[in-house]
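*Asks:* Please read through the structure below; I'll follow up with questions.
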Amino acid sequence: MNNFIFQNSTKVYFGKGSVKEYLACKTKPYQTVMLAYGGGSIKKNGVYDEVCGILKEAGKTVVEFSGIMADPTYAKVQEGARLARESQADMILAVGGGSVMDCCKAVALAARYEGDIWEDFWARPGVINVDPLPLGVIVTVAGTGSECNGGAVITNEEKKIKTGRDYPQLNPQFALMDPVYTYSVPVRQMVSGGFDILSHIMETYFSEPNEDNVSDDIMEALMRSVIRNLRAAIQNPEDYTARSNLMWDSTLGENRLIKMGKKCDFECHNMEHQLGAYTDCNHGRGLAVLHPVYYRHIYREGLPKFVRFAQNVWGIEREGRTDEELALAGIDALAAFIREVGLPTTLRELGVSDRSMLKEIADSCGISQGSYKKMTHEEILEIFQECF
Ligand code: NZQ
Ligand code: ZN
């Protein structure tokens, strides 16, 4: 196993009723709370009323920062930072999915930092030497695992770059996670989030080292859990067992635990992020299109792991197959699952209509240092063309 340092500073309160039970206590030290949310789903499903009721009863001054879009922009981050400063908010409460949580992490930093956070922390890795505004999150959709990491994926529309950085100082102080809050997520978005979870695990699993390590064992169990529980939640969106497993699978996928000792790939994420910078491609749906095609490009370089994936995740027996045939059967099983749960299989289905833009998008993609096969921009373009 490779050397590592592990820390995760977010305190999680998980389960039915966790917001009612813990929100007042977690916001106690603060007077002015900046309540941040997205396009309004929390007003339809009652979460907004529940949260506001608790804050009101606790005597808080609430400042609202709303309209955080999917794939939050740098402009939105700057708007939030201005509001946080003007209102002298002393904490941010982010209620939503990855987009709301990520935007608020960047706002928490921008509110306390004098310079340009894009240039100093997202365009390139930086060193955070200020105390960001305290951040607490209430998760409403499972997928990114953003509640338990310092990662924030921000889109700079002017520069056409969507990129994420993970700063431990931006970990939320607390995360309240009530699986019941995810019941109202539309099936299409639930499936997209479910695939994002699976993708985070696969992007970690398919990387060095291949020798025996407990992270790979945990990941096989996690992948089976995501597959099983996504199927169950599609059948019954109010299946508490399925929803709670998906929610915690999501956290475990991105709270750094499974990355310990692993190199990590995340080339598909690099590709999806740039698709998202140029188009309005949905994160999980974009990943679903890319993964099987990407894996057919790299499986030979990571053959033993792809064989394990076929056998231990999809339960495929060898039955006279060669390693290569078994590896391909595993990738076929992944592709069949993508179709089964109604995810797209082509870029056109994602709304990417203009083939001629693919070269510029491919050239803008980051190259992963942890992939089994080091990509070139030419090969990324080939993958995009095959996905088209
Ligand atoms: O905006 P509202 O109205 O709230 O609707 C949202 C949004 O339309 C809706 N939704 C959320 N909870 C709901 C609900 N609808 C009904 N009921 C509920 N309970 O779901 C839609 C999608 O929300 P969003 O936050 O955009 O989704 P997700 O959690 O998938 O986040 C995606 C963003 O996170 C980034 C992605 O790139 C993308 O920008 N990522 C962040 C990561 C991280 N910080 O670690 C890692 C990921 O790989 C990812 O890149
Ligand atoms: Zn993701």
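Convention: chains lettered A, B, ... in structure tokens order; per-chain residue numbering from 1; ligands numbered from 1 as shown.
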Enumerate, as a tab-separated table (two decimals) with C-alpha atoms, in the first residue's frame, the complete set of residues in region 99-201 of chain A that a backbone-based DSSP assignment places in helix (DSSP H, G or I).

*Replies:*
```tsv
chain	number	residue	atom	x	y	z
A	99	SER	CA	-23.85	22.21	-6.70
A	100	VAL	CA	-25.08	24.09	-3.63
A	101	MET	CA	-22.45	22.59	-1.33
A	102	ASP	CA	-19.57	23.24	-3.75
A	103	CYS	CA	-20.67	26.81	-4.42
A	104	CYS	CA	-20.85	27.48	-0.68
A	105	LYS	CA	-17.38	26.10	-0.01
A	106	ALA	CA	-15.99	28.58	-2.53
A	107	VAL	CA	-18.18	31.36	-1.08
A	108	ALA	CA	-16.90	30.55	2.42
A	109	LEU	CA	-13.37	31.14	1.20
A	110	ALA	CA	-14.12	34.13	-1.05
A	117	ILE	CA	-10.03	32.98	-5.48
A	118	TRP	CA	-10.34	31.63	-9.03
A	119	GLU	CA	-6.81	32.65	-9.92
A	120	ASP	CA	-5.28	31.71	-6.58
A	121	PHE	CA	-7.12	28.49	-5.74
A	122	TRP	CA	-8.94	27.02	-8.76
A	146	SER	CA	-19.35	16.79	-1.27
A	147	GLU	CA	-20.68	16.89	2.30
A	148	CYS	CA	-17.57	15.17	3.62
A	168	PRO	CA	-9.29	20.19	3.69
A	169	GLN	CA	-10.00	23.68	5.16
A	170	LEU	CA	-13.19	23.75	3.08
A	179	PRO	CA	-32.36	10.08	3.62
A	180	VAL	CA	-36.07	11.01	3.67
A	181	TYR	CA	-35.04	14.40	2.21
A	182	THR	CA	-33.96	12.56	-0.96
A	187	VAL	CA	-35.84	9.41	-10.71
A	188	ARG	CA	-33.75	10.79	-13.57
A	189	GLN	CA	-31.62	12.88	-11.16
A	190	MET	CA	-31.49	10.07	-8.58
A	191	VAL	CA	-30.08	7.73	-11.23
A	192	SER	CA	-27.60	10.38	-12.36
A	193	GLY	CA	-26.43	10.81	-8.75
A	194	GLY	CA	-26.28	7.03	-8.34
A	195	PHE	CA	-24.00	6.72	-11.33
A	196	ASP	CA	-21.82	9.53	-10.01
A	197	ILE	CA	-21.31	7.49	-6.83
A	198	LEU	CA	-20.41	4.41	-8.85
A	199	SER	CA	-18.08	6.48	-10.97
A	200	HIS	CA	-16.18	7.90	-7.97
A	201	ILE	CA	-15.60	4.38	-6.75
```

*Asks:* Report the closest atom pair, with its distance in Å rounded to one decimal, for each residue of chain A that has an atom no farther than 7 Å from ligand 1; count only C-alpha atoms and all ligand atoms, sort by chain and then rising residue number, and write it as a tab-separated table.

*Replies:*
```
residue	atom	partner	partner_atom_place_in_ligand_line	distance
A:Tyr37	CA	ligand 1	4 (O)	6.3
A:Gly38	CA	ligand 1	1 (O)	3.5
A:Gly39	CA	ligand 1	3 (O)	3.4
A:Gly40	CA	ligand 1	3 (O)	4.0
A:Ser41	CA	ligand 1	3 (O)	3.8
A:Ile42	CA	ligand 1	4 (O)	5.9
A:Asn45	CA	ligand 1	17 (N)	6.6
A:Gly67	CA	ligand 1	1 (O)	7.0
A:Ile68	CA	ligand 1	1 (O)	6.5
A:Met69	CA	ligand 1	1 (O)	5.9
A:Ala70	CA	ligand 1	26 (O)	3.7
A:Asp71	CA	ligand 1	39 (O)	3.5
A:Pro72	CA	ligand 1	39 (O)	6.1
A:Gly96	CA	ligand 1	12 (N)	5.3
A:Gly97	CA	ligand 1	25 (O)	3.3
A:Gly98	CA	ligand 1	31 (O)	3.4
A:Ser99	CA	ligand 1	25 (O)	3.8
A:Val100	CA	ligand 1	25 (O)	5.6
A:Asp102	CA	ligand 1	44 (N)	5.4
A:Thr140	CA	ligand 1	19 (N)	4.3
A:Val141	CA	ligand 1	12 (N)	4.5
A:Ala142	CA	ligand 1	29 (O)	6.2
A:Gly143	CA	ligand 1	29 (O)	5.2
A:Thr144	CA	ligand 1	47 (C)	4.4
A:Gly145	CA	ligand 1	45 (O)	5.5
A:Ser146	CA	ligand 1	44 (N)	3.9
A:Asn149	CA	ligand 1	45 (O)	6.3
A:Gly150	CA	ligand 1	44 (N)	7.0
A:Gly151	CA	ligand 1	44 (N)	4.2
A:Ala152	CA	ligand 1	44 (N)	4.4
A:Val153	CA	ligand 1	35 (C)	5.3
A:Ile154	CA	ligand 1	39 (O)	6.7
A:Gly164	CA	ligand 1	50 (O)	6.9
A:Tyr181	CA	ligand 1	19 (N)	5.2
A:Thr182	CA	ligand 1	19 (N)	4.4
A:Tyr183	CA	ligand 1	19 (N)	6.4
A:Ser184	CA	ligand 1	17 (N)	4.1
A:Val185	CA	ligand 1	17 (N)	3.6
A:Pro186	CA	ligand 1	16 (C)	6.0
A:Gln189	CA	ligand 1	20 (O)	5.9
A:Ser192	CA	ligand 1	30 (O)	7.0
A:Gly193	CA	ligand 1	30 (O)	5.1
A:Asp196	CA	ligand 1	48 (O)	6.6
A:His200	CA	ligand 1	48 (O)	6.7
A:Glu254	CA	ligand 1	45 (O)	6.2
A:His269	CA	ligand 1	48 (O)	6.6
A:His273	CA	ligand 1	37 (O)	6.3
A:His283	CA	ligand 1	37 (O)	5.4
A:Gly284	CA	ligand 1	30 (O)	6.6
```

*Asks:* Please save C-alpha atoms of the selected residues as a CSV table (one decimal), in the first residue's frame.

*Replies:*
```csv
chain,number,residue,atom,x,y,z
A,37,TYR,CA,-30.1,26.7,-1.8
A,38,GLY,CA,-30.7,26.0,-5.4
A,39,GLY,CA,-33.6,26.5,-7.8
A,40,GLY,CA,-36.4,25.9,-5.4
A,41,SER,CA,-36.8,22.1,-4.9
A,42,ILE,CA,-36.5,22.7,-1.1
A,45,ASN,CA,-40.7,19.3,-0.7
A,67,GLY,CA,-30.8,30.3,-7.2
A,68,ILE,CA,-27.5,28.3,-7.1
A,69,MET,CA,-27.5,26.5,-10.5
A,70,ALA,CA,-26.4,23.0,-11.3
A,71,ASP,CA,-22.7,23.3,-12.1
A,72,PRO,CA,-22.2,26.5,-10.1
A,96,GLY,CA,-29.0,21.0,-1.5
A,97,GLY,CA,-26.8,18.7,-3.6
A,98,GLY,CA,-23.2,19.0,-4.8
A,99,SER,CA,-23.8,22.2,-6.7
A,100,VAL,CA,-25.1,24.1,-3.6
A,102,ASP,CA,-19.6,23.2,-3.7
A,140,THR,CA,-30.9,16.7,-0.2
A,141,VAL,CA,-29.6,14.4,-3.0
A,142,ALA,CA,-27.0,11.6,-3.0
A,143,GLY,CA,-24.2,11.6,-5.5
A,144,THR,CA,-21.2,13.8,-5.1
A,145,GLY,CA,-20.2,13.1,-1.5
A,146,SER,CA,-19.3,16.8,-1.3
A,149,ASN,CA,-14.7,16.6,1.6
A,150,GLY,CA,-13.2,20.0,0.8
A,151,GLY,CA,-13.8,19.6,-2.9
A,152,ALA,CA,-15.6,22.2,-4.9
A,153,VAL,CA,-16.2,22.0,-8.6
A,154,ILE,CA,-16.7,25.5,-10.1
A,164,GLY,CA,-12.5,21.0,-8.8
A,181,TYR,CA,-35.0,14.4,2.2
A,182,THR,CA,-34.0,12.6,-1.0
A,183,TYR,CA,-37.4,10.9,-1.6
A,184,SER,CA,-38.5,13.9,-3.8
A,185,VAL,CA,-35.5,13.8,-6.1
A,186,PRO,CA,-36.8,12.9,-9.6
A,189,GLN,CA,-31.6,12.9,-11.2
A,192,SER,CA,-27.6,10.4,-12.4
A,193,GLY,CA,-26.4,10.8,-8.8
A,196,ASP,CA,-21.8,9.5,-10.0
A,200,HIS,CA,-16.2,7.9,-8.0
A,254,GLU,CA,-15.8,10.8,-1.7
A,269,HIS,CA,-14.3,13.2,-14.5
A,273,HIS,CA,-16.0,18.5,-16.5
A,283,HIS,CA,-22.6,15.4,-14.4
A,284,GLY,CA,-23.7,11.8,-13.7
```

*Asks:* I'd like the contact shell of Ile298 (chain A) - 6 Å cut-off, only C-alpha atoms, skipping same-chain residues fewer than 3 positions apart - returned as a VMD selection string.

*Replies:* chain A and resid 295 301 373

*Asks:* Could you check the closest approach to Lys43 (chain A) for each of A:Leu334, A:Val95, A:Ala81, A:Leu246 and tell me which residue wins, using only C-alpha atoms?

*Replies:*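 Result for the nearest residue to Lys43 (chain A): A:Val95.
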
*Asks:* So which bits of region 64-221 of chain A end up strand (DSSP E or B) when you DSSP the backbone, as a ChimeraX atom specification?

*Replies:* /A:64-65,73,91-96,135-139,151-156,161-166,174-177

*Asks:* Could you check the closest approach to Asn8 (chain A) for each of A:Arg256, A:Tyr113, A:Gly59, A:Pro29 and tell me which residue wins, using only C-alpha atoms?

*Replies:*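 Counting only C-alpha atoms, the residue closest to Asn8 (chain A) is A:Arg256.
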
*Asks:* Mind pulling up the distance from CA of Cys264 (chain A) to CA of Leu343 (chain A)?

*Replies:*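 Pair CA of Leu343 (chain A) / CA of Cys264 (chain A) returns 24.3 Å.
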
*Asks:* Could you check the closest approach to Phe388 (chain A) for each of A:Ser353, A:Ser364, A:Asn245, A:Thr73 and tell me which residue wins, using only C-alpha atoms?

*Replies:*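 Ranking A:Ser353, A:Ser364, A:Asn245, A:Thr73 by distance to Phe388 (chain A), first place goes to A:Ser353.
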
*Asks:* I'd like to know which of A:Leu287, A:Val12, A:Ala221, A:Ala111 is closest to ligand 2, using only C-alpha atoms and all ligand atoms.

*Replies:*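 Answer, going by the shortest atom-to-atom distance: A:Leu287.
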
*Asks:* When you count only C-alpha atoms and all ligand atoms, which of these residues is closest to ligand 2: A:Phe65, A:Phe266, A:Tyr278, A:Tyr48?

*Replies:*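 Of all the options, A:Phe266 lies closest to ligand 2.
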
*Asks:* Given the choices A:Glu378, A:Glu211, A:Asp166, A:Glu349, which gets closest to Asp363 (chain A) if the distance is worked out from only C-alpha atoms?

*Replies:* A:Glu378

*Asks:* List as a VMD selection string the protein and nucleic acid residues near Ala233 (chain A), meaning an atom at most 8 Å away when only C-alpha atoms are counted, but skip any in the same chain fewer than 4 places from it.

*Replies:* chain A and resid 229 237 to 239 242 to 243

*Asks:* Could those selected residues go to a file with C-alpha atoms, as a PDB file, in the first residue's frame?

*Replies:*
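What landed in again12.pdb:
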```pdb
ATOM      1  CA  ASN A 229     -29.803  -0.064  -3.927  1.00  0.00           C
ATOM      2  CA  PRO A 237     -38.365   5.839  -4.440  1.00  0.00           C
ATOM      3  CA  GLU A 238     -39.507   5.805  -0.807  1.00  0.00           C
ATOM      4  CA  ASP A 239     -37.550   2.675   0.127  1.00  0.00           C
ATOM      5  CA  ALA A 242     -32.223   1.850  -0.348  1.00  0.00           C
ATOM      6  CA  ARG A 243     -32.143   5.631   0.043  1.00  0.00           C
TER       7      ARG A 243
END
```
